[in-house]
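> Here it is, the structure, as structure tokens.
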Amino acid sequence: PGYFEQMGIRMLRGRTFTDDDNETAPVVAVVNEAMAKKYWPDRDPIGQRFRIGSAEQPWITIVGIAAPVKHNAVTETMRTEMFVPHAQWAAAGASAPRGMTYIVRTSGDPYALVGYVRQLVRTMDAGLPIADVRSLQQVTDDALSQPRFATLMLGLFAVLALSLATIGIYGVIALLVTRRRQELGIRMALGARPAMILGMVVRRGMILAATGVAVGLVAASLLTRAMGGLLYGVTRFDPTTFALVPATLAAVALVACLIPAGRAARLDPVRA
């Protein structure tokens, strides 16, 4: 009793568990929306009965439908789930759990209540061991540690790739300006304005950058299937990501081109 309220799980229909759902009452369950749609698509699940396993197992009556939640990872797909009262399930002998998690909601430091909770449980049964005391924030951090590490590594590789792209574009354009120094000087001597030289060099570099971005977009669209397991809150073909990343690359390429292009536009035709 109180589990759904403590965990903030929204009830779509029906009721949650109460103290009346004890070991002497009929066995009840709350199912999630996925289970309700899968097994009772054309009927009202509330009041329906089902059985798990053999015919010796008790009938379970559905009393509520809960909104879907993710128990193990934020990237897991929604599956069919049911919730049952601990006391009833243990008394029915249907795969009785060997332990349970006690949840306390507090507005302050949750660890400040650990001593009180231990004492409270000890007054109910001195033989009950209490272990693995953690805040929900710690539970969440542990569950997200692997995706966060993978995201951090991918982010570092992305920054490295962006840096290499910037250096590469700058190096290519700088080499181009150096090799065409005499040509650029002749163009300026014949009347080419600095803005024309600047535009010519930048255009050459941006053509290279645009080609790379186009190839990258095609490769990214093919690799999204492998990345799907690391995504949360965005789709594999998230339009914002596919728009912002090329725009960022184009902006970086423009800056990398402008430096050597500006140097070319300031050439002294006589010295060149």
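Every chain in the structure tokens takes a letter, A first, then B, and so on in the order presented; its residues are numbered from 1, and the ligands are numbered from 1 following the presented order.
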Please report, as an MDAnalysis selection string, each residue of stretch 8-165 of chain A to which DSSP assigns helix (DSSP H, G or I) when run on this structure's backbone.

chainID A and resid 33:39 86:92 110:124 136:165

> Would you mind exporting C-alpha atoms of the selected residues as a PDB file, in the first residue's frame?


```pdb
ATOM      1  CA  GLU A  33      -1.168  -0.032 -19.939  1.00  0.00           C
ATOM      2  CA  ALA A  34       0.884  -2.316 -22.212  1.00  0.00           C
ATOM      3  CA  MET A  35      -0.448  -5.468 -20.527  1.00  0.00           C
ATOM      4  CA  ALA A  36      -4.030  -4.181 -20.637  1.00  0.00           C
ATOM      5  CA  LYS A  37      -3.821  -3.463 -24.371  1.00  0.00           C
ATOM      6  CA  LYS A  38      -2.124  -6.769 -25.183  1.00  0.00           C
ATOM      7  CA  TYR A  39      -4.433  -9.191 -23.351  1.00  0.00           C
ATOM      8  CA  HIS A  86       3.504  -8.251  -1.260  1.00  0.00           C
ATOM      9  CA  ALA A  87       1.495  -9.869   1.529  1.00  0.00           C
ATOM     10  CA  GLN A  88      -0.927 -11.595  -0.857  1.00  0.00           C
ATOM     11  CA  TRP A  89       1.756 -12.863  -3.192  1.00  0.00           C
ATOM     12  CA  ALA A  90       3.797 -14.374  -0.370  1.00  0.00           C
ATOM     13  CA  ALA A  91       0.728 -15.998   1.207  1.00  0.00           C
ATOM     14  CA  ALA A  92      -0.402 -17.468  -2.133  1.00  0.00           C
ATOM     15  CA  PRO A 110      17.026  11.007   2.831  1.00  0.00           C
ATOM     16  CA  TYR A 111      20.080   9.582   4.606  1.00  0.00           C
ATOM     17  CA  ALA A 112      19.106  11.456   7.776  1.00  0.00           C
ATOM     18  CA  LEU A 113      16.216   8.996   8.215  1.00  0.00           C
ATOM     19  CA  VAL A 114      18.249   5.805   7.840  1.00  0.00           C
ATOM     20  CA  GLY A 115      18.714   5.323  11.603  1.00  0.00           C
ATOM     21  CA  TYR A 116      15.024   5.894  12.297  1.00  0.00           C
ATOM     22  CA  VAL A 117      13.944   3.465   9.561  1.00  0.00           C
ATOM     23  CA  ARG A 118      16.317   0.795  10.872  1.00  0.00           C
ATOM     24  CA  GLN A 119      14.894   1.194  14.353  1.00  0.00           C
ATOM     25  CA  LEU A 120      11.333   1.068  13.041  1.00  0.00           C
ATOM     26  CA  VAL A 121      11.924  -2.167  11.121  1.00  0.00           C
ATOM     27  CA  ARG A 122      13.717  -3.659  14.126  1.00  0.00           C
ATOM     28  CA  THR A 123      10.672  -3.036  16.324  1.00  0.00           C
ATOM     29  CA  MET A 124       8.528  -5.024  13.842  1.00  0.00           C
ATOM     30  CA  LEU A 136      16.595   7.220  -5.374  1.00  0.00           C
ATOM     31  CA  GLN A 137      19.057   9.688  -6.915  1.00  0.00           C
ATOM     32  CA  GLN A 138      21.852   7.173  -6.361  1.00  0.00           C
ATOM     33  CA  VAL A 139      19.727   4.394  -7.846  1.00  0.00           C
ATOM     34  CA  THR A 140      19.112   6.563 -10.901  1.00  0.00           C
ATOM     35  CA  ASP A 141      22.786   7.509 -11.195  1.00  0.00           C
ATOM     36  CA  ASP A 142      23.809   3.842 -11.049  1.00  0.00           C
ATOM     37  CA  ALA A 143      21.292   2.956 -13.753  1.00  0.00           C
ATOM     38  CA  LEU A 144      22.506   5.797 -15.972  1.00  0.00           C
ATOM     39  CA  SER A 145      26.235   5.331 -15.361  1.00  0.00           C
ATOM     40  CA  GLN A 146      26.901   3.206 -18.440  1.00  0.00           C
ATOM     41  CA  PRO A 147      24.891   5.374 -20.886  1.00  0.00           C
ATOM     42  CA  ARG A 148      26.461   8.501 -19.407  1.00  0.00           C
ATOM     43  CA  PHE A 149      29.967   7.076 -19.823  1.00  0.00           C
ATOM     44  CA  ALA A 150      29.235   6.081 -23.417  1.00  0.00           C
ATOM     45  CA  THR A 151      27.792   9.529 -24.114  1.00  0.00           C
ATOM     46  CA  LEU A 152      30.824  11.217 -22.532  1.00  0.00           C
ATOM     47  CA  MET A 153      33.214   9.157 -24.666  1.00  0.00           C
ATOM     48  CA  LEU A 154      31.204   9.857 -27.804  1.00  0.00           C
ATOM     49  CA  GLY A 155      31.175  13.555 -26.915  1.00  0.00           C
ATOM     50  CA  LEU A 156      34.956  13.581 -26.481  1.00  0.00           C
ATOM     51  CA  PHE A 157      35.419  11.809 -29.808  1.00  0.00           C
ATOM     52  CA  ALA A 158      33.041  14.306 -31.422  1.00  0.00           C
ATOM     53  CA  VAL A 159      35.064  17.251 -30.080  1.00  0.00           C
ATOM     54  CA  LEU A 160      38.259  15.582 -31.300  1.00  0.00           C
ATOM     55  CA  ALA A 161      36.716  14.988 -34.741  1.00  0.00           C
ATOM     56  CA  LEU A 162      35.538  18.603 -34.922  1.00  0.00           C
ATOM     57  CA  SER A 163      39.017  19.835 -33.966  1.00  0.00           C
ATOM     58  CA  LEU A 164      40.662  17.626 -36.589  1.00  0.00           C
ATOM     59  CA  ALA A 165      38.176  18.825 -39.196  1.00  0.00           C
TER      60      ALA A 165
END
```

> Would you list the contacts of A:Arg181 as a list in words, taking every protein, DNA or RNA residue within 10 Å and counting only C-alpha atoms, but skipping same-chain residues closer than 3 positions in sequence?

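The neighbour list is Leu175, Leu176, Val177, Thr178, Leu184, Gly185, Ile186, Arg187, Ala264, Leu267, Asp268, Pro269, Arg271 and Ala272 of chain A.
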
> Compare A:Gly53, A:Gly216, A:Pro85, A:Gly108 by their minimum atom-to-atom distance to A:Asp21, counting only C-alpha atoms, and give me the closest one.

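Closest candidate: A:Pro85.
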
> For stretch 233-237 of chain A, list every protein, DNA or RNA residue within 12 Å, evaluated using only C-alpha atoms, and leave out those in the same chain fewer than 4 positions away; present the list as a PyMOL selection string.

chain A and resi 74-76+217-218+220-229+241-243

> Have a look at atom CA of A:Met11 and atom CA of A:Ile103 and let me know their distance in Å, one decimal.

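Spanning atom CA of A:Met11 to atom CA of A:Ile103 is a straight-line distance of 18.6 Å.
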
> Suppose you want the space between atom CA of A:Met7 and atom CA of A:Ile46; what is it in Å?

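Interatomic distance, atom CA of A:Met7 to atom CA of A:Ile46: 22.1 Å.
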